[in-house]
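First up is the structure itself, then whatever we jot down about it.
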Amino acid sequence: MTTLTVNDTDLTDPRTFLAPGAELMDLWRRFRAESPVHWHEVHGRAVPGFWVLSRYDDVMSVYRDNKRFTSERGNVLTTLLEGGDSAAGKMLAVTDGGRHRELRNILLKAFAPRVLEPIVAGVRERADRLVRHAVESGDCDFAQDVAEHIPMATIADLLGVPAADRDYLLSLTKEALSTEEQGQSAEEALVARNELLFYFSDLAVERREDPRDDVVSVLATSVIDGEPLTEQEIIFNCYSVIIGGDETSRLSMICGMRELIEHPGQWRRLRSGEVDVDTAVEEVLRWVTPAMHFGRRALEDVEVGDRIVRVGDVVTLWNSSANYDEAVFTDPGTFDLGRTPNRHVSFGYGPHFCPGAFLGRAELSALLTALRTHVAEAVPNGPARPIHSNFLHGYSSLPVHLRPAS
């Protein structure tokens with residue numbers, strides 16, 4: 001096995017993250033110890049280098065600081081290194097300042113726990129039904145037969161997508177995200193993303209005329225400073241809800257299932273009720289860290305750790321390291337469903353903290369509840385297929401055999 005070193009590691013290459021989990025854990029441990037504020041060169045491409053922050057406290061300091069760091073020039077490596085994001089200033093995740101605050105307040109109305117009560121009830125029913133069907137089948141691909149269907153159906157409920165359009169929406173979304181799969185076409189994914197934007201443009205026109213109790217209606221009928229949101233703001237934020245709400249929840253569920261298989265002692269603790277589902281949810285989120293990093297650009301010279309980050313520099317905040325920082329988490333390399341406190345940063349932090357965090361937790365909670373209710377034992381039934389990404393961690397396929405609870 002080749003040992004990854006701090007200076008030779010290419011964090012832009014998705015293949016780096018296909019290394020075994022223990023090897024990646026050890027790599028991040030060395031980043032935190034040897035070079036916690038690390039300058040990462042990019043070789044063979046005409047793009048700038050970037051800073052890598054791996055310690056919890058440094059990551060948190062930048063998450064909190066939206067005065068000296070901005071998201072408007074991209075918030076993940078792909079867009080940051082290519083010079084920016086086409087949705088900057090229009091989509092919540094890549095908007096700062098007053099416009100960000102106003103957009104966030106609008107979306108938070110649609111994500112308030114009270115408003116989400118019927119959505120969460122649907123999540124619980126859906127998770128229970130899907131797990132029961134998978135158990136009855138015995139063998140299934142947990143990623144494609146169970147996890148794939150919970151967040152996308154939830155998002156369709158949230159956005160108010162008509163039942164007749166949901167299969168179409170799911171097919172477009174899978175195609176739009178297909179570049180996670182090795183060998184998939186980036187051009188086809190771009191076409192699918194554009195189709196999604198056109199779809200929500202048309203739906204927004206309908207909702208402006210006939211508002212419902214859904215996110216598209218909220219966006220289509222809201223005003224900022226007396227002016228309605230632009231068409232681009234509406235469709236980009238609908239797209240953001242899909243991407244943010246589907247990917248991280250789906251991958252957390254798939255990886256959570258895999259970790260329960262890999263850690264039978266923790267599975268027994270969950271099944272017996274020794275650990276609470278809500279506590280287990282937080283540990284799955286910490287351990288999995290589906291969004292491995294987020295990024296910012298410096299708006300002025302800033303001292304981080306013992307290094308000076310210069311104005312214009314790209315800074316990446318590695319949640320997948322911060323969530324394992326020994327200075328914050330006791331025995332972080334142990335998967336402990338009873339861990340408390342658990343101050344992970346899997347949803348980010350600060351002004352850009354994920355507005356869908358409540359719903360994401362509810363989805364994972366519903367799945368774990370259904371698993372411990374209906375499943376006695378889960379065993380692998382084929383190799384898991386990891387996604388290829390320098391941003392997301394998880395699997396697109398997880399064949400399992402489920403034995404029913406008596």
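Residues in the structure tokens are named by chain (A, B, ... in the order shown) and by number from 1 within that chain; ligands are numbered from 1 in the order shown.
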If we count only C-alpha atoms, what is near A:Asp157 at a cut-off of 7 Å, once residues fewer than 4 positions away on the same chain are taken out, given as a PyMOL selection string?
chain A and resi 119+153+161
Convert the current residue selection to file output with N, CA and C atoms, as a compact mmCIF listing (two decimals), in the first residue's frame.
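See result10.txt below for the written result:
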# COMPACT_ATOMS: atom_id res chain seq x y z
N ILE A 119 -44.20 17.31 5.91
CA ILE A 119 -43.14 16.74 5.07
C ILE A 119 -42.42 15.63 5.83
N ALA A 153 -37.92 12.19 -3.14
CA ALA A 153 -39.36 12.32 -2.96
C ALA A 153 -39.68 13.43 -1.96
N VAL A 161 -43.51 19.70 -6.56
CA VAL A 161 -43.47 19.11 -7.90
C VAL A 161 -44.68 18.19 -8.07
What's the 12 Å shell around A:Ala87, counting only C-alpha atoms, without same-chain residues fewer than 3 positions away, as number ranges by chain?
A: 71-75, 79, 84, 90-95, 197, 231-240
Within 10 Å of A:Glu363, counting only C-alpha atoms, which residues qualify if same-chain residues fewer than 3 places away don't, as a JSON list (two decimals) with all heavy atoms, in the first residue's frame?
[["chain", "number", "residue", "atom", "x", "y", "z"],
["A", 120, "VAL", "N", -42.09, 15.90, 7.11],
["A", 120, "VAL", "CA", -41.38, 14.91, 7.93],
["A", 120, "VAL", "C", -42.25, 13.68, 8.15],
["A", 120, "VAL", "O", -41.74, 12.55, 8.16],
["A", 120, "VAL", "CB", -40.94, 15.55, 9.26],
["A", 120, "VAL", "CG1", -40.41, 14.48, 10.22],
["A", 120, "VAL", "CG2", -39.87, 16.61, 9.02],
["A", 122, "GLY", "N", -44.32, 12.47, 6.06],
["A", 122, "GLY", "CA", -44.18, 11.72, 4.80],
["A", 122, "GLY", "C", -42.84, 11.01, 4.71],
["A", 122, "GLY", "O", -42.76, 9.89, 4.18],
["A", 123, "VAL", "N", -41.78, 11.64, 5.23],
["A", 123, "VAL", "CA", -40.46, 11.02, 5.24],
["A", 123, "VAL", "C", -40.49, 9.73, 6.05],
["A", 123, "VAL", "O", -39.97, 8.69, 5.63],
["A", 123, "VAL", "CB", -39.42, 11.99, 5.84],
["A", 123, "VAL", "CG1", -38.10, 11.26, 6.12],
["A", 123, "VAL", "CG2", -39.17, 13.16, 4.90],
["A", 124, "ARG", "N", -41.10, 9.79, 7.23],
["A", 124, "ARG", "CA", -41.14, 8.60, 8.10],
["A", 124, "ARG", "C", -41.91, 7.45, 7.43],
["A", 124, "ARG", "O", -41.47, 6.30, 7.46],
["A", 124, "ARG", "CB", -41.79, 8.97, 9.44],
["A", 124, "ARG", "CG", -40.97, 9.95, 10.26],
["A", 124, "ARG", "CD", -41.61, 10.19, 11.62],
["A", 124, "ARG", "NE", -40.88, 11.20, 12.37],
["A", 124, "ARG", "CZ", -41.43, 12.31, 12.87],
["A", 124, "ARG", "NH1", -42.72, 12.53, 12.72],
["A", 124, "ARG", "NH2", -40.69, 13.17, 13.55],
["A", 126, "ARG", "N", -42.41, 7.01, 4.24],
["A", 126, "ARG", "CA", -41.68, 6.55, 3.04],
["A", 126, "ARG", "C", -40.50, 5.67, 3.44],
["A", 126, "ARG", "O", -40.27, 4.61, 2.84],
["A", 126, "ARG", "CB", -41.21, 7.77, 2.25],
["A", 126, "ARG", "CG", -40.65, 7.48, 0.88],
["A", 126, "ARG", "CD", -40.35, 8.79, 0.17],
["A", 126, "ARG", "NE", -41.58, 9.55, -0.09],
["A", 126, "ARG", "CZ", -41.83, 10.76, 0.42],
["A", 126, "ARG", "NH1", -40.94, 11.37, 1.20],
["A", 126, "ARG", "NH2", -42.96, 11.38, 0.15],
["A", 127, "ALA", "N", -39.72, 6.11, 4.44],
["A", 127, "ALA", "CA", -38.56, 5.33, 4.88],
["A", 127, "ALA", "C", -39.00, 3.96, 5.41],
["A", 127, "ALA", "O", -38.39, 2.93, 5.09],
["A", 127, "ALA", "CB", -37.79, 6.09, 5.96],
["A", 147, "ALA", "N", -32.17, 4.27, -0.37],
["A", 147, "ALA", "CA", -31.69, 5.62, -0.07],
["A", 147, "ALA", "C", -31.99, 6.64, -1.17],
["A", 147, "ALA", "O", -32.29, 7.80, -0.89],
["A", 147, "ALA", "CB", -30.19, 5.59, 0.20],
["A", 150, "ILE", "N", -35.71, 8.32, -0.85],
["A", 150, "ILE", "CA", -36.20, 9.08, 0.30],
["A", 150, "ILE", "C", -35.98, 10.59, 0.12],
["A", 150, "ILE", "O", -36.95, 11.35, 0.13],
["A", 150, "ILE", "CB", -35.59, 8.56, 1.61],
["A", 150, "ILE", "CG1", -36.00, 7.10, 1.84],
["A", 150, "ILE", "CG2", -36.02, 9.43, 2.79],
["A", 150, "ILE", "CD1", -35.31, 6.43, 3.00],
["A", 151, "PRO", "N", -34.75, 11.06, -0.09],
["A", 151, "PRO", "CA", -34.58, 12.51, -0.21],
["A", 151, "PRO", "C", -35.22, 13.12, -1.45],
["A", 151, "PRO", "O", -35.79, 14.21, -1.40],
["A", 151, "PRO", "CB", -33.06, 12.72, -0.19],
["A", 151, "PRO", "CG", -32.48, 11.40, -0.51],
["A", 151, "PRO", "CD", -33.45, 10.36, -0.05],
["A", 154, "THR", "N", -38.84, 13.54, -0.94],
["A", 154, "THR", "CA", -39.02, 14.60, 0.06],
["A", 154, "THR", "C", -38.86, 15.98, -0.57],
["A", 154, "THR", "O", -39.64, 16.90, -0.31],
["A", 154, "THR", "CB", -38.01, 14.42, 1.21],
["A", 154, "THR", "OG1", -38.13, 13.11, 1.75],
["A", 154, "THR", "CG2", -38.23, 15.46, 2.29],
["A", 249, "SER", "N", -28.02, 13.98, 1.95],
["A", 249, "SER", "CA", -28.89, 13.06, 2.69],
["A", 249, "SER", "C", -28.76, 11.64, 2.15],
["A", 249, "SER", "O", -28.64, 10.67, 2.91],
["A", 249, "SER", "CB", -30.35, 13.51, 2.59],
["A", 249, "SER", "OG", -30.56, 14.71, 3.29],
["A", 250, "ARG", "N", -28.79, 11.51, 0.84],
["A", 250, "ARG", "CA", -28.69, 10.18, 0.22],
["A", 250, "ARG", "C", -27.37, 9.51, 0.60],
["A", 250, "ARG", "O", -27.35, 8.32, 0.97],
["A", 250, "ARG", "CB", -28.81, 10.33, -1.30],
["A", 250, "ARG", "CG", -28.56, 9.08, -2.10],
["A", 250, "ARG", "CD", -28.97, 9.27, -3.55],
["A", 250, "ARG", "NE", -28.49, 10.50, -4.15],
["A", 250, "ARG", "CZ", -27.29, 10.64, -4.73],
["A", 250, "ARG", "NH1", -26.46, 9.61, -4.79],
["A", 250, "ARG", "NH2", -26.92, 11.80, -5.26],
["A", 252, "SER", "N", -25.41, 10.16, 3.14],
["A", 252, "SER", "CA", -25.37, 9.87, 4.58],
["A", 252, "SER", "C", -26.09, 8.57, 4.88],
["A", 252, "SER", "O", -25.64, 7.76, 5.71],
["A", 252, "SER", "CB", -26.01, 11.01, 5.38],
["A", 252, "SER", "OG", -25.28, 12.20, 5.25],
["A", 253, "MET", "N", -27.23, 8.35, 4.22],
["A", 253, "MET", "CA", -28.00, 7.12, 4.43],
["A", 253, "MET", "C", -27.22, 5.89, 3.96],
["A", 253, "MET", "O", -27.15, 4.88, 4.66],
["A", 253, "MET", "CB", -29.32, 7.21, 3.69],
["A", 253, "MET", "CG", -30.29, 8.22, 4.25],
["A", 253, "MET", "SD", -31.76, 8.32, 3.20],
["A", 253, "MET", "CE", -32.62, 9.67, 4.01],
["A", 281, "VAL", "N", -27.79, 9.65, 14.81],
["A", 281, "VAL", "CA", -27.82, 10.49, 13.61],
["A", 281, "VAL", "C", -26.59, 11.40, 13.57],
["A", 281, "VAL", "O", -25.91, 11.53, 12.54],
["A", 281, "VAL", "CB", -29.11, 11.34, 13.56],
["A", 281, "VAL", "CG1", -28.98, 12.49, 12.57],
["A", 281, "VAL", "CG2", -30.31, 10.47, 13.20],
["A", 357, "ALA", "N", -30.73, 21.60, 7.36],
["A", 357, "ALA", "CA", -30.17, 20.69, 8.36],
["A", 357, "ALA", "C", -31.25, 19.94, 9.13],
["A", 357, "ALA", "O", -31.13, 18.73, 9.38],
["A", 357, "ALA", "CB", -29.26, 21.45, 9.32],
["A", 358, "PHE", "N", -32.32, 20.63, 9.51],
["A", 358, "PHE", "CA", -33.40, 19.98, 10.26],
["A", 358, "PHE", "C", -34.00, 18.83, 9.45],
["A", 358, "PHE", "O", -34.20, 17.73, 9.96],
["A", 358, "PHE", "CB", -34.49, 21.00, 10.62],
["A", 358, "PHE", "CG", -35.72, 20.39, 11.23],
["A", 358, "PHE", "CD1", -35.76, 20.10, 12.58],
["A", 358, "PHE", "CD2", -36.83, 20.10, 10.45],
["A", 358, "PHE", "CE1", -36.91, 19.52, 13.15],
["A", 358, "PHE", "CE2", -37.97, 19.53, 11.00],
["A", 358, "PHE", "CZ", -38.00, 19.23, 12.36],
["A", 359, "LEU", "N", -34.25, 19.09, 8.17],
["A", 359, "LEU", "CA", -34.85, 18.06, 7.32],
["A", 359, "LEU", "C", -33.86, 16.92, 7.07],
["A", 359, "LEU", "O", -34.25, 15.74, 7.07],
["A", 359, "LEU", "CB", -35.30, 18.68, 6.00],
["A", 359, "LEU", "CG", -36.12, 17.79, 5.06],
["A", 359, "LEU", "CD1", -37.35, 17.25, 5.77],
["A", 359, "LEU", "CD2", -36.52, 18.58, 3.81],
["A", 360, "GLY", "N", -32.59, 17.24, 6.87],
["A", 360, "GLY", "CA", -31.59, 16.21, 6.67],
["A", 360, "GLY", "C", -31.50, 15.27, 7.86],
["A", 360, "GLY", "O", -31.41, 14.04, 7.71],
["A", 366, "ALA", "N", -35.39, 8.98, 10.35],
["A", 366, "ALA", "CA", -36.46, 8.09, 9.87],
["A", 366, "ALA", "C", -35.88, 6.78, 9.35],
["A", 366, "ALA", "O", -36.43, 5.70, 9.58],
["A", 366, "ALA", "CB", -37.27, 8.79, 8.77],
["A", 367, "LEU", "N", -34.75, 6.87, 8.63],
["A", 367, "LEU", "CA", -34.14, 5.66, 8.10],
["A", 367, "LEU", "C", -33.63, 4.76, 9.23],
["A", 367, "LEU", "O", -33.89, 3.55, 9.24],
["A", 367, "LEU", "CB", -32.99, 6.01, 7.16],
["A", 367, "LEU", "CG", -32.27, 4.77, 6.60],
["A", 367, "LEU", "CD1", -33.14, 4.05, 5.59],
["A", 367, "LEU", "CD2", -30.94, 5.14, 6.01],
["A", 368, "LEU", "N", -32.90, 5.33, 10.19],
["A", 368, "LEU", "CA", -32.36, 4.52, 11.29],
["A", 368, "LEU", "C", -33.48, 3.89, 12.10],
["A", 368, "LEU", "O", -33.37, 2.74, 12.55],
["A", 368, "LEU", "CB", -31.46, 5.39, 12.18],
["A", 368, "LEU", "CG", -30.16, 5.91, 11.55],
["A", 368, "LEU", "CD1", -29.37, 6.72, 12.57],
["A", 368, "LEU", "CD2", -29.31, 4.78, 11.00],
["A", 369, "THR", "N", -34.56, 4.63, 12.29],
["A", 369, "THR", "CA", -35.72, 4.09, 13.02],
["A", 369, "THR", "C", -36.32, 2.90, 12.27],
["A", 369, "THR", "O", -36.63, 1.86, 12.87],
["A", 369, "THR", "CB", -36.77, 5.18, 13.22],
["A", 369, "THR", "OG1", -36.21, 6.25, 13.99],
["A", 369, "THR", "CG2", -38.00, 4.63, 13.94]]
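Checking A:Asp10, A:Asn66, A:Ser201, A:Ala327 one by one against A:Ala33, counting only C-alpha atoms, you find the shortest gap at A:Ala327.
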Identify all residues of stretch 196-389 of chain A in helix (DSSP H, G or I) (DSSP on the backbone) and supply them as a ChimeraX atom specification.
/A:196-209,215-221,231-262,264-272,277-288,319-322,350-352,357-374
Restricting the output to C-alpha atoms, write the selected residues as an mmCIF file, in the first residue's frame.
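Below you can see out-v8.cif, which holds the result:
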data_model
loop_
_atom_site.group_PDB
_atom_site.id
_atom_site.type_symbol
_atom_site.label_atom_id
_atom_site.label_comp_id
_atom_site.auth_asym_id
_atom_site.auth_seq_id
_atom_site.Cartn_x
_atom_site.Cartn_y
_atom_site.Cartn_z
ATOM 1 C CA LEU A 196 -33.829 21.224 -14.528
ATOM 2 C CA LEU A 197 -33.469 25.002 -14.637
ATOM 3 C CA PHE A 198 -35.987 25.267 -17.487
ATOM 4 C CA TYR A 199 -38.400 23.019 -15.601
ATOM 5 C CA PHE A 200 -38.344 25.215 -12.504
ATOM 6 C CA SER A 201 -38.634 28.354 -14.588
ATOM 7 C CA ASP A 202 -41.928 27.033 -15.970
ATOM 8 C CA LEU A 203 -43.117 25.842 -12.552
ATOM 9 C CA ALA A 204 -42.340 29.251 -11.016
ATOM 10 C CA VAL A 205 -44.561 30.947 -13.609
ATOM 11 C CA GLU A 206 -47.415 28.614 -12.610
ATOM 12 C CA ARG A 207 -46.857 29.190 -8.884
ATOM 13 C CA ARG A 208 -46.754 32.942 -9.264
ATOM 14 C CA GLU A 209 -50.255 32.764 -10.726
ATOM 15 C CA VAL A 215 -40.804 26.342 -1.738
ATOM 16 C CA VAL A 216 -41.327 27.300 -5.392
ATOM 17 C CA SER A 217 -44.389 29.361 -4.408
ATOM 18 C CA VAL A 218 -42.454 31.038 -1.584
ATOM 19 C CA LEU A 219 -39.655 32.020 -3.965
ATOM 20 C CA ALA A 220 -42.006 33.037 -6.784
ATOM 21 C CA THR A 221 -44.118 35.331 -4.586
ATOM 22 C CA GLU A 231 -36.153 34.444 -12.497
ATOM 23 C CA GLN A 232 -32.528 33.395 -12.037
ATOM 24 C CA GLU A 233 -32.777 33.710 -8.252
ATOM 25 C CA ILE A 234 -35.876 31.515 -8.238
ATOM 26 C CA ILE A 235 -34.540 28.750 -10.478
ATOM 27 C CA PHE A 236 -31.003 28.706 -9.037
ATOM 28 C CA ASN A 237 -32.357 28.354 -5.495
ATOM 29 C CA CYS A 238 -34.733 25.581 -6.573
ATOM 30 C CA TYR A 239 -31.733 23.822 -8.094
ATOM 31 C CA SER A 240 -29.770 24.420 -4.888
ATOM 32 C CA VAL A 241 -32.518 22.770 -2.818
ATOM 33 C CA ILE A 242 -32.379 19.710 -5.086
ATOM 34 C CA ILE A 243 -28.609 19.358 -5.098
ATOM 35 C CA GLY A 244 -28.106 20.159 -1.418
ATOM 36 C CA GLY A 245 -31.111 18.196 -0.228
ATOM 37 C CA ASP A 246 -30.589 15.091 -2.322
ATOM 38 C CA GLU A 247 -26.872 14.418 -2.374
ATOM 39 C CA THR A 248 -25.834 14.818 1.242
ATOM 40 C CA SER A 249 -28.891 13.059 2.688
ATOM 41 C CA ARG A 250 -28.687 10.183 0.218
ATOM 42 C CA LEU A 251 -24.976 9.654 0.788
ATOM 43 C CA SER A 252 -25.368 9.869 4.581
ATOM 44 C CA MET A 253 -27.995 7.122 4.433
ATOM 45 C CA ILE A 254 -25.926 4.848 2.203
ATOM 46 C CA CYS A 255 -22.743 5.317 4.220
ATOM 47 C CA GLY A 256 -24.687 4.987 7.464
ATOM 48 C CA MET A 257 -25.968 1.572 6.366
ATOM 49 C CA ARG A 258 -22.461 0.523 5.383
ATOM 50 C CA GLU A 259 -21.014 1.617 8.737
ATOM 51 C CA LEU A 260 -23.685 -0.285 10.664
ATOM 52 C CA ILE A 261 -22.656 -3.396 8.724
ATOM 53 C CA GLU A 262 -18.975 -2.683 9.379
ATOM 54 C CA PRO A 264 -21.948 -4.808 14.337
ATOM 55 C CA GLY A 265 -21.463 -3.789 17.963
ATOM 56 C CA GLN A 266 -22.851 -0.332 17.212
ATOM 57 C CA TRP A 267 -25.727 -1.891 15.247
ATOM 58 C CA ARG A 268 -26.615 -3.951 18.331
ATOM 59 C CA ARG A 269 -26.544 -0.817 20.502
ATOM 60 C CA LEU A 270 -28.946 0.922 18.118
ATOM 61 C CA ARG A 271 -31.305 -2.059 17.806
ATOM 62 C CA SER A 272 -31.477 -2.636 21.553
ATOM 63 C CA VAL A 277 -31.621 7.524 17.355
ATOM 64 C CA ASP A 278 -31.006 11.279 17.500
ATOM 65 C CA THR A 279 -27.542 10.735 18.995
ATOM 66 C CA ALA A 280 -26.819 8.068 16.381
ATOM 67 C CA VAL A 281 -27.818 10.495 13.608
ATOM 68 C CA GLU A 282 -25.161 12.985 14.730
ATOM 69 C CA GLU A 283 -22.426 10.352 14.809
ATOM 70 C CA VAL A 284 -23.319 9.072 11.340
ATOM 71 C CA LEU A 285 -23.133 12.655 10.053
ATOM 72 C CA ARG A 286 -19.733 13.207 11.726
ATOM 73 C CA TRP A 287 -18.262 9.894 10.637
ATOM 74 C CA VAL A 288 -19.512 10.037 7.057
ATOM 75 C CA ASN A 319 -14.921 19.088 7.169
ATOM 76 C CA SER A 320 -13.613 15.540 6.703
ATOM 77 C CA SER A 321 -10.587 16.493 8.793
ATOM 78 C CA ALA A 322 -12.224 18.892 11.270
ATOM 79 C CA GLY A 350 -21.979 30.374 10.528
ATOM 80 C CA PRO A 351 -23.919 32.471 8.005
ATOM 81 C CA HIS A 352 -23.904 29.647 5.428
ATOM 82 C CA ALA A 357 -30.168 20.687 8.360
ATOM 83 C CA PHE A 358 -33.403 19.976 10.264
ATOM 84 C CA LEU A 359 -34.848 18.064 7.320
ATOM 85 C CA GLY A 360 -31.590 16.206 6.665
ATOM 86 C CA ARG A 361 -31.501 15.034 10.270
ATOM 87 C CA ALA A 362 -35.168 14.018 10.092
ATOM 88 C CA GLU A 363 -34.524 11.893 6.990
ATOM 89 C CA LEU A 364 -31.572 10.069 8.543
ATOM 90 C CA SER A 365 -33.533 9.613 11.783
ATOM 91 C CA ALA A 366 -36.458 8.087 9.870
ATOM 92 C CA LEU A 367 -34.142 5.659 8.102
ATOM 93 C CA LEU A 368 -32.358 4.524 11.286
ATOM 94 C CA THR A 369 -35.715 4.088 13.016
ATOM 95 C CA ALA A 370 -37.010 1.941 10.151
ATOM 96 C CA LEU A 371 -33.829 -0.145 10.088
ATOM 97 C CA ARG A 372 -33.882 -0.944 13.778
ATOM 98 C CA THR A 373 -37.592 -1.723 13.594
ATOM 99 C CA HIS A 374 -37.541 -4.078 10.596
#
What lies within 10 Å of stretch 18-30 of chain A using only C-alpha atoms, ignoring chain neighbours under 5 positions off, as JSON, numbers by chain?
{"A": [1, 2, 3, 4, 5, 6, 9, 13, 35, 36, 54, 55, 318, 320, 321, 322, 324, 325, 326, 332, 333, 386, 387, 388, 389, 390, 393, 394]}
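If you count only C-alpha atoms and ignore residues fewer than 3 places along the chain from A:Asp65, what sits within 12 Å of it is Asp58, Val59, Met60, Ser61, Val62, Arg68, Phe69, Thr70, Ser71, Asp96, Gly97, Arg296, Arg297, Ala298, Leu299, Glu300, Val302, Val304, Tyr349, Gly350, Pro351 and His352 of chain A.
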Dump of C-alpha atoms for the selected residues, as a compact mmCIF listing (two decimals), in the first residue's frame:
# COMPACT_ATOMS: atom_id res chain seq x y z
CA ASP A 58 -9.24 27.12 11.91
CA VAL A 59 -12.15 25.76 9.86
CA MET A 60 -14.65 27.27 12.30
CA SER A 61 -12.91 30.65 12.28
CA VAL A 62 -13.34 30.97 8.50
CA ARG A 68 -13.00 38.80 5.24
CA PHE A 69 -13.94 35.67 3.27
CA THR A 70 -16.54 35.37 0.53
CA SER A 71 -18.52 32.57 -1.10
CA ASP A 96 -23.08 37.16 0.66
CA GLY A 97 -24.01 40.40 2.38
CA ARG A 296 -13.98 30.66 0.27
CA ARG A 297 -11.86 33.45 -1.23
CA ALA A 298 -10.06 35.93 0.98
CA LEU A 299 -11.20 39.55 0.60
CA GLU A 300 -8.14 40.88 2.44
CA VAL A 302 -5.82 37.41 6.95
CA VAL A 304 -4.93 31.93 9.86
CA TYR A 349 -21.33 26.67 10.27
CA GLY A 350 -21.98 30.37 10.53
CA PRO A 351 -23.92 32.47 8.00
CA HIS A 352 -23.90 29.65 5.43
One decimal, Å: what's the distance from atom CA of A:Glu136 over to atom CA of A:Pro404, could you say?
7.5 Å
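Among the candidates A:Val76, A:Val275, A:Ile224, A:Val135, the one nearest to A:His293 when counting only C-alpha atoms is A:Val76.
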re atom CA of A:Arg166 and atom CA of A:Arg193: distance 15.6 Å
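With only C-alpha atoms as the basis for measurement, A:Gly348 is the residue among A:Pro380, A:Gly312, A:Gly348, A:Gly356 that approaches A:Ala291 most closely.
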Give me the residues near A:Ala384 as a ChimeraX atom specification, where near means some atom within 9 Å (using only C-alpha atoms) and where sequence neighbours in that chain fewer than 2 positions away do not count.
/A:258,380-382,386,395-399
Those residues with C-alpha atoms, as a short mmCIF file (atom, residue, chain, number, x, y, z; two decimals), in the first residue's frame please?
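Saved file out37.cif follows:
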data_model
loop_
_atom_site.label_atom_id
_atom_site.label_comp_id
_atom_site.auth_asym_id
_atom_site.auth_seq_id
_atom_site.Cartn_x
_atom_site.Cartn_y
_atom_site.Cartn_z
CA ARG A 258 -22.46 0.52 5.38
CA PRO A 380 -22.85 -7.22 2.22
CA ASN A 381 -24.02 -8.89 -0.97
CA GLY A 382 -21.44 -7.53 -3.41
CA PRO A 386 -17.78 4.58 -4.50
CA TYR A 395 -21.37 5.23 -2.69
CA SER A 396 -23.67 4.91 -5.69
CA SER A 397 -24.24 1.20 -5.11
CA LEU A 398 -24.40 -0.87 -1.92
CA PRO A 399 -25.68 -4.45 -2.43
#
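Reported to one decimal place, the separation of atom CA of A:Phe294 from atom CA of A:Phe50 is 12.3 Å.
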